[in-house]
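Peer 1: Could you have a look at this structure, given as C-alpha cells, before my questions?
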2 protein chains.
Amino acid sequence: MKKRIVVQKYGGSSVKDAERIKAVAQRIVSYKNKNTDIAVVVSAMADTTDDLETLAFQISKNPADREMDLLLSTGEQISCALLAMAVRELGFASVALTGYQVGVMTDNTHLKARVHHVDNKRINKAFKAGEIVIMAGYQGITEEGEITTLGRGGSDLSAVALAKAIKADVCEIYTDVTGIYTTDPRLVPEARKLEEITFDEMLEMASLGAQVMQARSIEVAKRFNIPLHVRSSYSREEGTMIVKTTKKIEDVAVTGVTSNKNEAKITICAVPDEPGVSARIFKAIAEAGVNVDVIVQNVSHTRKTDISFTVPKTDLAKAIQVAEETSAKIKAGQILHSKEIARVSIVGSGMRSHQGIAARMFDALAKASINIEMISTSEISISCIIALDKVDSAVKILHKAFQLEK
Amino acid sequence: MKKRIVVQKYGGSSVKDAERIKAVAQRIVSYKNKNTDIAVVVSAMADTTDDLETLAFQISKNPADREMDLLLSTGEQISCALLAMAVRELGFASVALTGYQVGVMTDNTHLKARVHHVDNKRINKAFKAGEIVIMAGYQGITEEGEITTLGRGGSDLSAVALAKAIKADVCEIYTDVTGIYTTDPRLVPEARKLEEITFDEMLEMASLGAQVMQARSIEVAKRFNIPLHVRSSYSREEGTMIVKTTKKIEDVAVTGVTSNKNEAKITICAVPDEPGVSARIFKAIAEAGVNVDVIVQNVSHTRKTDISFTVPKTDLAKAIQVAEETSAKIKAGQILHSKEIARVSIVGSGMRSHQGIAARMFDALAKASINIEMISTSEISISCIIALDKVDSAVKILHKAFQLEK
C-alpha cells in the first residue's frame, strides 16, 4: 500500500515559545503512523524576523539584500531545530533540515526569491529512515550556494513547493484561525466556516484582504493541483479544504464577503481625453513603486474626463506627488484624494454562471443608503469602493443579502 | 608585491550590540588598504549562544547534538551578516560567509567537531573582488552537508584554521584585554604586558587558568607556525605576539604566574602498595568522565600509601563517589577531600636551561609561611597546590620573587 504523505506548515504564532513548540510537536506525532509520512515546514518564532530586521536597520539604513537573507534565514533555522528536538523528546525519530540541506533551489533575487524546484532526495531518505522531517520554511539556496528568502509569508510557498516535490496527498496550513469563513467572524458573528473553497475563490479572497495565506503559494498549489487544508493549530477541528473544484453539483453564487480598509482614493480631475494619457499617468505611478488597485475612468462628454484610482494608504503621499507632477505635464486639473474610503467585495466561482449577482449587491447597498463611489469586477468577484465608516455594516448587509450564514 | 593577508577574530563581547558591531567595522576598515586583504572571523553576539541553549533545554533535557549544532550555529550567522552590513555601510566591499559557504570541513562529532581542512577558494575569490571577508566562527560542515560546531571557544580555532588555509601573515585575536600579562593585572597591579610569548608558554598559561585563548587553537597555531597577536578590540595598543621562538637571545626563566581556584583535592588513604592499583583508581575516575589534574603518590614506607589528586570543583561529588567505590574494591582506607585548595603556577620556556627555579619558588612561598601540599611539574612549568586563602598572596609573592614587573 502506498503511504500517505502529509505536509504540515506551522506559522510563527504557532511556535512562539517553548510551550507552543511542545504543543505543536504533540500534534505532529499524533498524525504519525506506519502508513503516514510527515514533513513539517515551520516559520520563525513570532517576532524573531522583526527583531532581526530591527538589528540590521540599527547598523545600516540600507543593508545589502544578500546579507539580509543570511540574517533572516536564521529565524527558521532556530525554530526547525527546536521543533525537531521537541518531536524527538516525544520518542519519535526526527530530523531538522534547512532549506539548503533539503535543496530548495531558487533564483538569486534576494529577499523575494522564486523557487525553481525542491529536491526530494534528502526528504525521501529521511522518510525511509522513519523520520519526521522538520524543514525550515521561507528560505532557499541558489545554484551558487547563496542563501535566499522567499519574501514575507514565504513559508506557505515552501510548504506548497515541498508538497509538490514529495507528491504529498495534502498540504495542511496551520494558523490561528479554524479555517476560511464566509466573512470575518469578529465582524459578523453569523459568519460560517467553509468546508471547501476553490483555488480561484481563495486567490480572490486572499488578494481582497483575507490574510490567511500568501497569494503566491495558492497560485502554485492551483497550478500543480495540491489540495490545501487551512486549519487551526489550537484545535483538532477540521478546517477548510482549498481545492480545484468543489464537490458540490452546482457552485453557489457567492462564497464570501471581504473588506479592505487599507486603501485610499486619488482623483485626477479634467484629464484631457486623448489616447495615451492614462498610460502616462499609471506608468509614472508604477515607476514610483506604488501598486494601483481599482481604476475608474468616467465616460467623457466633453474633451475632459476624471480618472480615479485607489492605492495603499501607506503609499498615498508618494502617489499624490506623482499625480501632481504628471497632471502638470499632461495639462490636467487638480488632484483630489481621500483616506475615508474602503472596499467591500463579494467572491464566488458561481458568479460565472449566475446572473444578477451585481444587481443584488448594488440593491442591498442602496437599500441601506450606502453610496457606491467606484466599482471593479473580475470573473469571480465584484468590489465596491464606499465610505470607510460604512464598510463594516456593508459587510454585514451583504453577508445577509446572500444568505451566507446558511 | 605579495599582498599582506590578515585574519582578525572578534569575540562575542566585541560584537555584543549594534554600537559595538559598528565600532569593530571601523577598526576592520582602518586596516584595509590596497596591499592588505582582511578576513574576519566573528563569534556570536554576547549571550546569544547561552540564550539559544536555554531555549533548547526548555524543550528537551537531552537535545540531540545534531539539532543543537543547527541551532547554535545561527548565532555566528547573525553576527557575520550584521558585521558585513556595518563594513559596507562604511563604503567598503564586504561579504559575509557561513562556515559551510567557505568550506570549513569537519568530522561529524557534533558539538565538538574537529576541523579537517578549510577551503580557500571562496575566500580568495572574495579577495580578488576586493572584498573584506566576514566569516562565521565556531561552525563547520561535514562531507554529508551536516552543520557542526567546534565547541566553546571554537571561533579561535576557526580563525587559526582559516589563517592556515589562506596563508595569512598574522592571526589577530581581539578580546577585552590588551594582551597576555605576566599575571592577572586585577590581582597584581604591577603585572606587565608581555610583548612576546612562545606557543608552549601560552599553552601552559591557557591550561593553567589564563582564559584568553582556547588551548586547541594555540596547538594548531603552533603546529603550522601561525603567528598570533592577542590584542584589545577597545584600543589600538599593540598586544602580545604568540610565536614559535621569541626574538630574545636568551629565554627568561619565568614568563608568568597563573592561579586556578576551580580545583578540589581528594586523598585516598592507606592504598595497598601493589602494581596496578593506581591504574584501577584513575581508570574508574576517567570512566566517570572526570578530568584529573595533579596526582601525587607518596613514597611508601609500609605496605600502604596515600594517593592525592585534584579534580575540577564541579566534579568533586562524582569523583568522591567513584573513589569510595574503588577504595572498597581495592581494600584501601578512608577518602579525604577539600575544596579549600588552589593551584599557583610559574611558566617559562627558560626553565629548560635555568637551574634552581623550583627551589626559588618553594623558598619564596616558605618565607611567606605558605605550606605546599602538592607539587606538579612540566618541562616549562611548576605548579604548587596550596591553601585557597593563600593563593592570591602567593601569586603576588611569586610575581615579585621572579621580578616579573621589570
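As shown in the C-alpha cells, the chain order sets the letters A, B, ...; within each chain, residues go from 1, and ligands are also counted from 1 in the order they appear.
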Can you list every residue in stretch 20-245 of chain B that DSSP puts in strand (DSSP E), as number ranges by chain?
Peer 2: B: 36-42, 94-97, 104-106, 115-118, 132-136, 139-141, 147-149, 170-175, 196-198, 228-232, 240-243
Peer 1: Compile a residue-level contact table for chain B against chain A at a cut-off of 9 Å, reporting for every qualifying residue the shortest atom pair and its distance in Å to one decimal, with only C-alpha atoms counted, rows ordered by chain and ascending number, as JSON lines.
Peer 2:
```
{"residue": "B:Asp17", "atom": "CA", "partner": "A:Leu55", "partner_atom": "CA", "distance": 8.5}
{"residue": "B:Ala18", "atom": "CA", "partner": "A:Ile59", "partner_atom": "CA", "distance": 5.9}
{"residue": "B:Glu19", "atom": "CA", "partner": "A:Ile59", "partner_atom": "CA", "distance": 7.8}
{"residue": "B:Ile21", "atom": "CA", "partner": "A:Ile59", "partner_atom": "CA", "distance": 7.9}
{"residue": "B:Lys22", "atom": "CA", "partner": "A:Ile59", "partner_atom": "CA", "distance": 6.8}
{"residue": "B:Leu52", "atom": "CA", "partner": "A:Ile78", "partner_atom": "CA", "distance": 8.3}
{"residue": "B:Leu55", "atom": "CA", "partner": "A:Ala18", "partner_atom": "CA", "distance": 6.8}
{"residue": "B:Ala56", "atom": "CA", "partner": "A:Leu82", "partner_atom": "CA", "distance": 6.2}
{"residue": "B:Gln58", "atom": "CA", "partner": "A:Ala18", "partner_atom": "CA", "distance": 6.2}
{"residue": "B:Ile59", "atom": "CA", "partner": "A:Ala86", "partner_atom": "CA", "distance": 5.7}
{"residue": "B:Ser60", "atom": "CA", "partner": "A:Glu89", "partner_atom": "CA", "distance": 6.0}
{"residue": "B:Lys61", "atom": "CA", "partner": "A:Glu89", "partner_atom": "CA", "distance": 8.3}
{"residue": "B:Asn62", "atom": "CA", "partner": "A:Glu89", "partner_atom": "CA", "distance": 8.1}
{"residue": "B:Pro63", "atom": "CA", "partner": "A:Met85", "partner_atom": "CA", "distance": 5.7}
{"residue": "B:Ala64", "atom": "CA", "partner": "A:Met85", "partner_atom": "CA", "distance": 6.6}
{"residue": "B:Arg66", "atom": "CA", "partner": "A:Val95", "partner_atom": "CA", "distance": 8.7}
{"residue": "B:Glu67", "atom": "CA", "partner": "A:Ala81", "partner_atom": "CA", "distance": 5.1}
{"residue": "B:Met68", "atom": "CA", "partner": "A:Ala81", "partner_atom": "CA", "distance": 7.0}
{"residue": "B:Asp69", "atom": "CA", "partner": "A:Ala81", "partner_atom": "CA", "distance": 8.6}
{"residue": "B:Leu70", "atom": "CA", "partner": "A:Ala81", "partner_atom": "CA", "distance": 6.2}
{"residue": "B:Leu71", "atom": "CA", "partner": "A:Ile78", "partner_atom": "CA", "distance": 5.1}
{"residue": "B:Leu72", "atom": "CA", "partner": "A:Ile78", "partner_atom": "CA", "distance": 8.1}
{"residue": "B:Ser73", "atom": "CA", "partner": "A:Thr74", "partner_atom": "CA", "distance": 8.9}
{"residue": "B:Thr74", "atom": "CA", "partner": "A:Thr74", "partner_atom": "CA", "distance": 5.5}
{"residue": "B:Gly75", "atom": "CA", "partner": "A:Thr74", "partner_atom": "CA", "distance": 8.2}
{"residue": "B:Gln77", "atom": "CA", "partner": "A:Leu71", "partner_atom": "CA", "distance": 6.6}
{"residue": "B:Ile78", "atom": "CA", "partner": "A:Leu71", "partner_atom": "CA", "distance": 5.1}
{"residue": "B:Ser79", "atom": "CA", "partner": "A:Leu71", "partner_atom": "CA", "distance": 8.2}
{"residue": "B:Cys80", "atom": "CA", "partner": "A:Leu71", "partner_atom": "CA", "distance": 8.4}
{"residue": "B:Ala81", "atom": "CA", "partner": "A:Glu67", "partner_atom": "CA", "distance": 5.1}
{"residue": "B:Leu82", "atom": "CA", "partner": "A:Ala56", "partner_atom": "CA", "distance": 6.2}
{"residue": "B:Leu83", "atom": "CA", "partner": "A:Ile59", "partner_atom": "CA", "distance": 8.4}
{"residue": "B:Ala84", "atom": "CA", "partner": "A:Glu67", "partner_atom": "CA", "distance": 7.3}
{"residue": "B:Met85", "atom": "CA", "partner": "A:Pro63", "partner_atom": "CA", "distance": 5.7}
{"residue": "B:Ala86", "atom": "CA", "partner": "A:Ile59", "partner_atom": "CA", "distance": 5.7}
{"residue": "B:Arg88", "atom": "CA", "partner": "A:Ala64", "partner_atom": "CA", "distance": 8.1}
{"residue": "B:Glu89", "atom": "CA", "partner": "A:Ser60", "partner_atom": "CA", "distance": 6.0}
{"residue": "B:Val95", "atom": "CA", "partner": "A:Glu67", "partner_atom": "CA", "distance": 7.7}
{"residue": "B:Ala96", "atom": "CA", "partner": "A:Glu67", "partner_atom": "CA", "distance": 6.6}
{"residue": "B:Leu97", "atom": "CA", "partner": "A:Leu70", "partner_atom": "CA", "distance": 8.6}
{"residue": "B:Thr98", "atom": "CA", "partner": "A:Leu70", "partner_atom": "CA", "distance": 8.5}
{"residue": "B:Gln101", "atom": "CA", "partner": "A:Gly145", "partner_atom": "CA", "distance": 6.8}
{"residue": "B:Gly145", "atom": "CA", "partner": "A:Gln101", "partner_atom": "CA", "distance": 6.8}
{"residue": "B:Glu146", "atom": "CA", "partner": "A:Gln101", "partner_atom": "CA", "distance": 7.9}
```
Peer 1: Between atom CA of B:Lys16 and atom CA of B:Val160, what is the spacing in Å?
Peer 2: 22.2 Å
Peer 1: If you measure from atom CA of B:Val294 to atom CA of B:Glu201, what distance in Å do you get, rounded to one decimal?
Peer 2: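 Computing the Euclidean distance for atom CA of B:Val294 and atom CA of B:Glu201 yields 18.5 Å.
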Peer 1: Check stretch 161-374 of chain B with DSSP on the backbone and list each residue it calls helix (DSSP H, G or I), as a ChimeraX atom specification.
Peer 2: /B:161-165,199-207,215-223,277-287,313-330,349-352,357-367
Peer 1: Create the file for the chosen residues now, containing C-alpha atoms and written as a PDB file, in the first residue's frame.
Peer 2:
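Now in selection.pdb:
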```pdb
ATOM      1  CA  ALA B 161      42.437  27.178  10.623  1.00  0.00           C
ATOM      2  CA  LEU B 162      41.412  29.955   8.233  1.00  0.00           C
ATOM      3  CA  ALA B 163      44.793  31.677   8.688  1.00  0.00           C
ATOM      4  CA  LYS B 164      46.494  28.449   7.693  1.00  0.00           C
ATOM      5  CA  ALA B 165      44.233  27.932   4.651  1.00  0.00           C
ATOM      6  CA  PHE B 199      53.291  28.870  21.842  1.00  0.00           C
ATOM      7  CA  ASP B 200      54.492  26.435  24.523  1.00  0.00           C
ATOM      8  CA  GLU B 201      54.365  29.038  27.270  1.00  0.00           C
ATOM      9  CA  MET B 202      50.933  30.184  26.115  1.00  0.00           C
ATOM     10  CA  LEU B 203      49.675  26.591  26.140  1.00  0.00           C
ATOM     11  CA  GLU B 204      50.803  26.224  29.740  1.00  0.00           C
ATOM     12  CA  MET B 205      49.278  29.581  30.621  1.00  0.00           C
ATOM     13  CA  ALA B 206      45.998  28.697  28.910  1.00  0.00           C
ATOM     14  CA  SER B 207      45.634  25.288  30.509  1.00  0.00           C
ATOM     15  CA  ALA B 215      44.121  25.800  24.057  1.00  0.00           C
ATOM     16  CA  ARG B 216      43.273  23.717  20.942  1.00  0.00           C
ATOM     17  CA  SER B 217      43.676  26.735  18.688  1.00  0.00           C
ATOM     18  CA  ILE B 218      47.099  27.526  20.159  1.00  0.00           C
ATOM     19  CA  GLU B 219      48.172  23.943  19.470  1.00  0.00           C
ATOM     20  CA  VAL B 220      47.096  24.283  15.835  1.00  0.00           C
ATOM     21  CA  ALA B 221      48.844  27.653  15.501  1.00  0.00           C
ATOM     22  CA  LYS B 222      51.983  26.061  16.931  1.00  0.00           C
ATOM     23  CA  ARG B 223      51.818  23.076  14.571  1.00  0.00           C
ATOM     24  CA  VAL B 277      46.324  -0.235  41.984  1.00  0.00           C
ATOM     25  CA  SER B 278      46.848   3.372  40.777  1.00  0.00           C
ATOM     26  CA  ALA B 279      45.720   2.337  37.329  1.00  0.00           C
ATOM     27  CA  ARG B 280      42.459   0.930  38.715  1.00  0.00           C
ATOM     28  CA  ILE B 281      41.732   4.113  40.639  1.00  0.00           C
ATOM     29  CA  PHE B 282      42.330   6.520  37.763  1.00  0.00           C
ATOM     30  CA  LYS B 283      40.657   4.291  35.194  1.00  0.00           C
ATOM     31  CA  ALA B 284      37.480   4.349  37.309  1.00  0.00           C
ATOM     32  CA  ILE B 285      37.661   8.136  37.664  1.00  0.00           C
ATOM     33  CA  ALA B 286      38.249   8.624  33.935  1.00  0.00           C
ATOM     34  CA  GLU B 287      35.316   6.359  33.111  1.00  0.00           C
ATOM     35  CA  LYS B 313      35.331  21.506  41.892  1.00  0.00           C
ATOM     36  CA  THR B 314      32.202  20.866  39.791  1.00  0.00           C
ATOM     37  CA  ASP B 315      33.134  17.164  39.520  1.00  0.00           C
ATOM     38  CA  LEU B 316      34.039  16.687  43.185  1.00  0.00           C
ATOM     39  CA  ALA B 317      30.883  14.864  44.297  1.00  0.00           C
ATOM     40  CA  LYS B 318      31.091  12.437  41.383  1.00  0.00           C
ATOM     41  CA  ALA B 319      34.812  11.851  41.999  1.00  0.00           C
ATOM     42  CA  ILE B 320      34.296  11.177  45.721  1.00  0.00           C
ATOM     43  CA  GLN B 321      31.642   8.585  44.924  1.00  0.00           C
ATOM     44  CA  VAL B 322      33.917   6.776  42.467  1.00  0.00           C
ATOM     45  CA  ALA B 323      36.836   6.992  44.910  1.00  0.00           C
ATOM     46  CA  GLU B 324      34.757   5.433  47.696  1.00  0.00           C
ATOM     47  CA  GLU B 325      33.550   2.591  45.480  1.00  0.00           C
ATOM     48  CA  THR B 326      37.065   1.916  44.243  1.00  0.00           C
ATOM     49  CA  SER B 327      38.562   2.155  47.720  1.00  0.00           C
ATOM     50  CA  ALA B 328      36.188  -0.574  48.895  1.00  0.00           C
ATOM     51  CA  LYS B 329      37.135  -2.824  45.984  1.00  0.00           C
ATOM     52  CA  ILE B 330      40.913  -2.409  46.419  1.00  0.00           C
ATOM     53  CA  SER B 349      60.450  28.345  28.393  1.00  0.00           C
ATOM     54  CA  GLY B 350      63.698  29.313  30.100  1.00  0.00           C
ATOM     55  CA  MET B 351      63.129  26.706  32.797  1.00  0.00           C
ATOM     56  CA  ARG B 352      64.559  24.172  30.382  1.00  0.00           C
ATOM     57  CA  ILE B 357      63.823  27.782  39.556  1.00  0.00           C
ATOM     58  CA  ALA B 358      61.817  25.312  41.633  1.00  0.00           C
ATOM     59  CA  ALA B 359      63.957  25.974  44.692  1.00  0.00           C
ATOM     60  CA  ARG B 360      63.427  29.733  44.295  1.00  0.00           C
ATOM     61  CA  MET B 361      59.668  29.180  44.048  1.00  0.00           C
ATOM     62  CA  PHE B 362      59.463  26.941  47.116  1.00  0.00           C
ATOM     63  CA  ASP B 363      61.734  29.297  49.057  1.00  0.00           C
ATOM     64  CA  ALA B 364      59.621  32.348  48.276  1.00  0.00           C
ATOM     65  CA  LEU B 365      56.462  30.532  49.394  1.00  0.00           C
ATOM     66  CA  ALA B 366      58.167  29.217  52.552  1.00  0.00           C
ATOM     67  CA  LYS B 367      59.335  32.700  53.526  1.00  0.00           C
TER      68      LYS B 367
END
```
Peer 1: Could you work out how far atom CA of A:Asp51 lies from atom CA of A:Gly99, giving the answer in Å with one decimal?
Peer 2: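 Between these atoms lies a distance of 21.1 Å.
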Peer 1: List the neighbours of stretch 394-398 of chain A out to 7 Å using only C-alpha atoms; skip same-chain residues closer than 3 positions along the sequence, and give me the result as a list in words.
Peer 2: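 With the cut-off at 7 Å, the set is Val188, Val257, Val344, Met361, Ala364, Leu365, Lys390, Val391, Ala401 and Phe402 of chain A.
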Peer 1: Would you export the selected residues with C-alpha atoms as a PDB file, in the first residue's frame, please?
Peer 2:
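The file below, selection_34.pdb, is the result:
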```pdb
ATOM      1  CA  VAL A 188     -20.144  39.109  11.619  1.00  0.00           C
ATOM      2  CA  VAL A 257     -17.568  38.735   1.613  1.00  0.00           C
ATOM      3  CA  VAL A 344     -16.162  45.693   0.131  1.00  0.00           C
ATOM      4  CA  MET A 361     -25.201  43.572  -4.387  1.00  0.00           C
ATOM      5  CA  ALA A 364     -28.624  45.639  -0.958  1.00  0.00           C
ATOM      6  CA  LEU A 365     -26.173  48.538  -0.502  1.00  0.00           C
ATOM      7  CA  LYS A 390     -19.938  52.302   6.151  1.00  0.00           C
ATOM      8  CA  VAL A 391     -17.786  49.306   5.312  1.00  0.00           C
ATOM      9  CA  ALA A 401     -28.286  39.510   1.483  1.00  0.00           C
ATOM     10  CA  PHE A 402     -26.549  36.452   0.002  1.00  0.00           C
TER      11      PHE A 402
END
```
Peer 1: I want to know what sits within 7 Å of A:Ile132, based on only C-alpha atoms, with residues of the same chain fewer than 3 positions away left out; could you give that as a list in words?
Peer 2: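 Once the nearby chain positions are removed, what remains is Asp37, Ile38, Ala39, Ala93, Ser94, Val95 and Phe127 of chain A.
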Peer 1: Find the spatial neighbours of B:Gly239, counting only C-alpha atoms, within a cut-off of 6 Å - ignore same-chain residues fewer than 4 positions away - and output them as a ChimeraX atom specification.
Peer 2: /B:178-179,230-231
Peer 1: With N, CA and C atoms retained, export the selected residues as a PDB file, in the first residue's frame.
Peer 2:
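Contents of selection13.pdb, as written:
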```pdb
ATOM      1  N   THR B 178      44.210  43.709  26.858  1.00  0.00           N
ATOM      2  CA  THR B 178      45.149  44.298  25.900  1.00  0.00           C
ATOM      3  C   THR B 178      46.289  43.359  25.524  1.00  0.00           C
ATOM      4  N   GLY B 179      46.290  42.155  26.079  1.00  0.00           N
ATOM      5  CA  GLY B 179      47.344  41.208  25.719  1.00  0.00           C
ATOM      6  C   GLY B 179      47.517  40.187  26.831  1.00  0.00           C
ATOM      7  N   VAL B 230      47.475  38.652  20.192  1.00  0.00           N
ATOM      8  CA  VAL B 230      46.354  38.835  21.116  1.00  0.00           C
ATOM      9  C   VAL B 230      46.287  40.303  21.515  1.00  0.00           C
ATOM     10  N   ARG B 231      45.168  40.965  21.217  1.00  0.00           N
ATOM     11  CA  ARG B 231      45.070  42.403  21.492  1.00  0.00           C
ATOM     12  C   ARG B 231      43.634  42.804  21.779  1.00  0.00           C
TER      13      ARG B 231
END
```
Peer 1: Calculated over only C-alpha atoms, which of the candidates A:Tyr31, A:Tyr181, A:Phe92, A:Tyr138 has the smallest distance to A:Ala44?
Peer 2: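 Comparing A:Tyr31, A:Tyr181, A:Phe92, A:Tyr138 against A:Ala44, the winner is A:Tyr138.
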